[in-house]
Amino acid sequence: MAQFEDAVERLRRGILDGQYQPGEKLSAATVADALGMSRTPVREAFRILSKEGLVEFSANRGARVAILDLSELESIFETRVALESTACRLAAEHVTDDDLDELQRLAEEIMTLSVANDEAGLALIERANSQFHTRIAEIAGSGALAAAMSGTVHAAILTRTRQAYDPQARLRSARHHLEIVEALRAGDGQWAQAVMTSHLLAARFALLGARRGGVDGSD
């Protein structure tokens with residue numbers, strides 16, 4: 001792996017895991033020291049992660065972890081619904097038994113963790129959730145679709161909305177994952193697409209409600 005690719009992966013994980021908080025200024029020198037590398041690959045990582053919506057970067061003002069406003073969040077979820085529901089439909093045509101076993105494991109892990117109410121447990125849910133959605137994109141068999149989805153999924157995780165979810169909402173979200181696997185196992189792309197659409201629309205409602213000081217929910 002090239003050094004800049006290593007920088008991208010480690011910085012992305014640091015942002016998604018909350019090591020770097022939304023709005024935090026990112027110094028190339030400080031980040032490079034933390035990662036044990038030179039500033040050049042770190043600066044390149046800033047540019048790449050800016051395309052994923054995780055970093056706001058300009059040559060004059062430097063970089064900071066992105067802060068998403070309501071209109072940006074609405075656009076992200078509109079894009080996610082379109083991309084991920086399509087990915088679910090396509091995945092039903094290509095999914096293998098091994099794929100189903102992996103998705104089932106992740107869905108069951110999310111269900112088991114749905115009772116979590118501490119930072120560690122919520123972080124584990126987020127990681128399993130990201131793996132589940134990313135895997136569906138890979139199974140769909142479209143590199144362009146997977147690449148487009150990665151940015152929206154990362155940006156949505158950046159909002160940390162699951163920290164606002166109540167137990168009922170987390171349970172509903174976990175059940176969605178299990179039903180998506182059931183639909184894929186049945187080879188029913190329309191069913192899988194419908195469940196993913198409902199799953200993400202519920203997430204959008206929860207997210208925007210939480211941002212407005214309203215309703216808790218799930219994604």
# chains A, B, ... in the order shown; residues from 1 in each chain; ligands from 1

call {"tool": "residues_around", "arguments": {"residues": "range 10-27 of chain A", "least_positions_apart": "2", "cutoff": "6 Å", "atoms": "only C-alpha atoms", "output": "JSON, numbers by chain"}}
result
{"A": [7, 8, 29, 30, 63, 64, 65, 66, 67, 158]}

call {"tool": "closest_residue", "arguments": {"among": "A:Asp6, A:Asp188, A:Glu56, A:Glu74", "to": "Gly36 in chain A", "atoms": "only C-alpha atoms"}}
result
A:Asp6

call {"tool": "closest_atom_pairs", "arguments": {"of": "range 20-123 of chain A", "to": "range 141-150 of chain A", "cutoff": "9 Å", "atoms": "only C-alpha atoms", "output": "tab-separated table"}}
result
residue	atom	partner	partner_atom	distance
A:Glu52	CA	A:Ser150	CA	7.4
A:Thr79	CA	A:Met149	CA	8.4
A:Arg80	CA	A:Met149	CA	6.9
A:Leu83	CA	A:Met149	CA	6.5
A:Glu84	CA	A:Met149	CA	7.1
A:Thr86	CA	A:Leu145	CA	8.9
A:Ala87	CA	A:Leu145	CA	7.4
A:Leu90	CA	A:Gly141	CA	7.7
A:Ala91	CA	A:Gly141	CA	7.4
A:His94	CA	A:Gly141	CA	7.4

call {"tool": "residues_around", "arguments": {"residues": "Ile110 in chain A", "least_positions_apart": "3", "cutoff": "12 Å", "atoms": "only C-alpha atoms", "output": "PyMOL selection string"}}
result
chain A and resi 103-107+113-116+121-132+170-178+219

call {"tool": "closest_atom_pairs", "arguments": {"of": "range 60-125 of chain A", "to": "range 200-208 of chain A", "cutoff": "12 Å", "atoms": "only C-alpha atoms", "output": "JSON lines"}}
result
{"residue": "A:Leu68", "atom": "CA", "partner": "A:Leu208", "partner_atom": "CA", "distance": 11.4}
{"residue": "A:Asp69", "atom": "CA", "partner": "A:Leu208", "partner_atom": "CA", "distance": 9.9}
{"residue": "A:Leu70", "atom": "CA", "partner": "A:Leu208", "partner_atom": "CA", "distance": 6.9}
{"residue": "A:Ser71", "atom": "CA", "partner": "A:Leu208", "partner_atom": "CA", "distance": 9.6}
{"residue": "A:Glu72", "atom": "CA", "partner": "A:Leu208", "partner_atom": "CA", "distance": 10.7}
{"residue": "A:Leu73", "atom": "CA", "partner": "A:Leu208", "partner_atom": "CA", "distance": 7.7}
{"residue": "A:Glu74", "atom": "CA", "partner": "A:Arg204", "partner_atom": "CA", "distance": 7.3}
{"residue": "A:Ser75", "atom": "CA", "partner": "A:Arg204", "partner_atom": "CA", "distance": 10.0}
{"residue": "A:Ile76", "atom": "CA", "partner": "A:Arg204", "partner_atom": "CA", "distance": 9.2}
{"residue": "A:Phe77", "atom": "CA", "partner": "A:Arg204", "partner_atom": "CA", "distance": 6.1}
{"residue": "A:Glu78", "atom": "CA", "partner": "A:Arg204", "partner_atom": "CA", "distance": 8.6}
{"residue": "A:Thr79", "atom": "CA", "partner": "A:Leu200", "partner_atom": "CA", "distance": 10.2}
{"residue": "A:Arg80", "atom": "CA", "partner": "A:Leu200", "partner_atom": "CA", "distance": 7.4}
{"residue": "A:Val81", "atom": "CA", "partner": "A:Leu200", "partner_atom": "CA", "distance": 6.1}
{"residue": "A:Ala82", "atom": "CA", "partner": "A:Leu200", "partner_atom": "CA", "distance": 9.8}
{"residue": "A:Leu83", "atom": "CA", "partner": "A:Leu200", "partner_atom": "CA", "distance": 10.8}
{"residue": "A:Glu84", "atom": "CA", "partner": "A:Leu200", "partner_atom": "CA", "distance": 8.7}
{"residue": "A:Ser85", "atom": "CA", "partner": "A:Leu200", "partner_atom": "CA", "distance": 8.8}

call {"tool": "atom_distance", "arguments": {"atom1": "CA of Phe46 in chain A", "atom2": "CA of Thr134 in chain A"}}
result
21.8 Å

call {"tool": "atom_distance", "arguments": {"atom1": "CA of Ala2 in chain A", "atom2": "CA of Val42 in chain A"}}
result
11.9 Å

call {"tool": "closest_residue", "arguments": {"among": "A:Ala28, A:Val95, A:Thr40, A:Asp118", "to": "Gly62 in chain A", "atoms": "only C-alpha atoms"}}
result
A:Ala28

call {"tool": "select_by_dssp", "arguments": {"residues": "range 36-176 of chain A", "states": "alpha helix (DSSP H)", "output": "number ranges by chain"}}
result
A: 39-51, 70-94, 97-113, 119-140, 143-158, 167-176

call {"tool": "select_by_dssp", "arguments": {"residues": "range 5-214 of chain A", "states": "strand (DSSP E)", "output": "list in words"}}
result
Lys25, Leu26, Val55, Glu56, Phe57, Ser58, Gly62, Ala63, Arg64 and Val65 of chain A

call {"tool": "residues_around", "arguments": {"residues": "Gln190 in chain A", "least_positions_apart": "5", "cutoff": "9 Å", "atoms": "only C-alpha atoms", "output": "list in words"}}
result
Cys88, Arg89, Ala92, Ala183 and Val195 of chain A

call {"tool": "decode", "arguments": {"residues": "range 47-111 of chain A", "atoms": "C-alpha atoms", "output": "PDB file, in the first residue's frame"}}
result
ATOM      1  CA  ARG A  47      -7.780  16.163  -0.756  1.00  0.00           C
ATOM      2  CA  ILE A  48      -9.106  12.631  -1.201  1.00  0.00           C
ATOM      3  CA  LEU A  49     -11.244  12.743   1.942  1.00  0.00           C
ATOM      4  CA  SER A  50     -12.660  16.093   0.871  1.00  0.00           C
ATOM      5  CA  LYS A  51     -14.152  14.283  -2.138  1.00  0.00           C
ATOM      6  CA  GLU A  52     -15.833  11.848   0.278  1.00  0.00           C
ATOM      7  CA  GLY A  53     -17.382  14.701   2.226  1.00  0.00           C
ATOM      8  CA  LEU A  54     -15.366  13.971   5.364  1.00  0.00           C
ATOM      9  CA  VAL A  55     -12.922  16.887   5.147  1.00  0.00           C
ATOM     10  CA  GLU A  56     -13.380  20.493   4.071  1.00  0.00           C
ATOM     11  CA  PHE A  57     -10.145  21.493   2.367  1.00  0.00           C
ATOM     12  CA  SER A  58      -8.785  24.489   0.510  1.00  0.00           C
ATOM     13  CA  ALA A  59      -5.215  25.382  -0.378  1.00  0.00           C
ATOM     14  CA  ASN A  60      -5.512  28.757   1.366  1.00  0.00           C
ATOM     15  CA  ARG A  61      -7.435  27.885   4.539  1.00  0.00           C
ATOM     16  CA  GLY A  62      -6.217  24.353   5.179  1.00  0.00           C
ATOM     17  CA  ALA A  63      -8.363  21.432   6.289  1.00  0.00           C
ATOM     18  CA  ARG A  64     -10.928  20.656   8.949  1.00  0.00           C
ATOM     19  CA  VAL A  65     -13.348  17.826   9.637  1.00  0.00           C
ATOM     20  CA  ALA A  66     -16.544  18.562   7.746  1.00  0.00           C
ATOM     21  CA  ILE A  67     -19.681  19.902   9.402  1.00  0.00           C
ATOM     22  CA  LEU A  68     -22.871  19.054   7.506  1.00  0.00           C
ATOM     23  CA  ASP A  69     -25.882  21.357   7.562  1.00  0.00           C
ATOM     24  CA  LEU A  70     -29.502  20.211   7.169  1.00  0.00           C
ATOM     25  CA  SER A  71     -29.688  20.815   3.428  1.00  0.00           C
ATOM     26  CA  GLU A  72     -26.493  18.824   2.885  1.00  0.00           C
ATOM     27  CA  LEU A  73     -27.818  15.988   5.052  1.00  0.00           C
ATOM     28  CA  GLU A  74     -31.065  15.895   3.085  1.00  0.00           C
ATOM     29  CA  SER A  75     -29.100  15.652  -0.156  1.00  0.00           C
ATOM     30  CA  ILE A  76     -26.912  12.887   1.265  1.00  0.00           C
ATOM     31  CA  PHE A  77     -29.898  10.779   2.217  1.00  0.00           C
ATOM     32  CA  GLU A  78     -31.678  11.364  -1.076  1.00  0.00           C
ATOM     33  CA  THR A  79     -28.542  10.096  -2.792  1.00  0.00           C
ATOM     34  CA  ARG A  80     -28.209   7.167  -0.404  1.00  0.00           C
ATOM     35  CA  VAL A  81     -31.791   6.062  -1.008  1.00  0.00           C
ATOM     36  CA  ALA A  82     -31.300   6.107  -4.770  1.00  0.00           C
ATOM     37  CA  LEU A  83     -27.903   4.378  -4.753  1.00  0.00           C
ATOM     38  CA  GLU A  84     -28.317   1.836  -1.978  1.00  0.00           C
ATOM     39  CA  SER A  85     -31.808   0.689  -2.901  1.00  0.00           C
ATOM     40  CA  THR A  86     -30.511   0.046  -6.425  1.00  0.00           C
ATOM     41  CA  ALA A  87     -27.506  -1.783  -4.991  1.00  0.00           C
ATOM     42  CA  CYS A  88     -29.832  -4.019  -2.964  1.00  0.00           C
ATOM     43  CA  ARG A  89     -31.838  -4.922  -6.063  1.00  0.00           C
ATOM     44  CA  LEU A  90     -28.683  -5.745  -8.021  1.00  0.00           C
ATOM     45  CA  ALA A  91     -27.165  -7.659  -5.100  1.00  0.00           C
ATOM     46  CA  ALA A  92     -30.115 -10.063  -5.155  1.00  0.00           C
ATOM     47  CA  GLU A  93     -28.990 -11.126  -8.646  1.00  0.00           C
ATOM     48  CA  HIS A  94     -25.362 -11.789  -7.659  1.00  0.00           C
ATOM     49  CA  VAL A  95     -25.344 -12.789  -3.984  1.00  0.00           C
ATOM     50  CA  THR A  96     -23.698 -16.108  -3.077  1.00  0.00           C
ATOM     51  CA  ASP A  97     -24.162 -18.358  -0.070  1.00  0.00           C
ATOM     52  CA  ASP A  98     -20.883 -17.072   1.374  1.00  0.00           C
ATOM     53  CA  ASP A  99     -22.082 -13.491   0.914  1.00  0.00           C
ATOM     54  CA  LEU A 100     -25.337 -14.304   2.666  1.00  0.00           C
ATOM     55  CA  ASP A 101     -23.488 -15.903   5.570  1.00  0.00           C
ATOM     56  CA  GLU A 102     -21.350 -12.770   5.964  1.00  0.00           C
ATOM     57  CA  LEU A 103     -24.337 -10.412   5.782  1.00  0.00           C
ATOM     58  CA  GLN A 104     -26.273 -12.596   8.220  1.00  0.00           C
ATOM     59  CA  ARG A 105     -23.388 -12.449  10.676  1.00  0.00           C
ATOM     60  CA  LEU A 106     -23.212  -8.680  10.455  1.00  0.00           C
ATOM     61  CA  ALA A 107     -26.989  -8.299  10.770  1.00  0.00           C
ATOM     62  CA  GLU A 108     -27.036 -10.537  13.839  1.00  0.00           C
ATOM     63  CA  GLU A 109     -24.127  -8.590  15.335  1.00  0.00           C
ATOM     64  CA  ILE A 110     -26.068  -5.358  14.834  1.00  0.00           C
ATOM     65  CA  MET A 111     -29.133  -6.935  16.455  1.00  0.00           C
TER      66      MET A 111
END
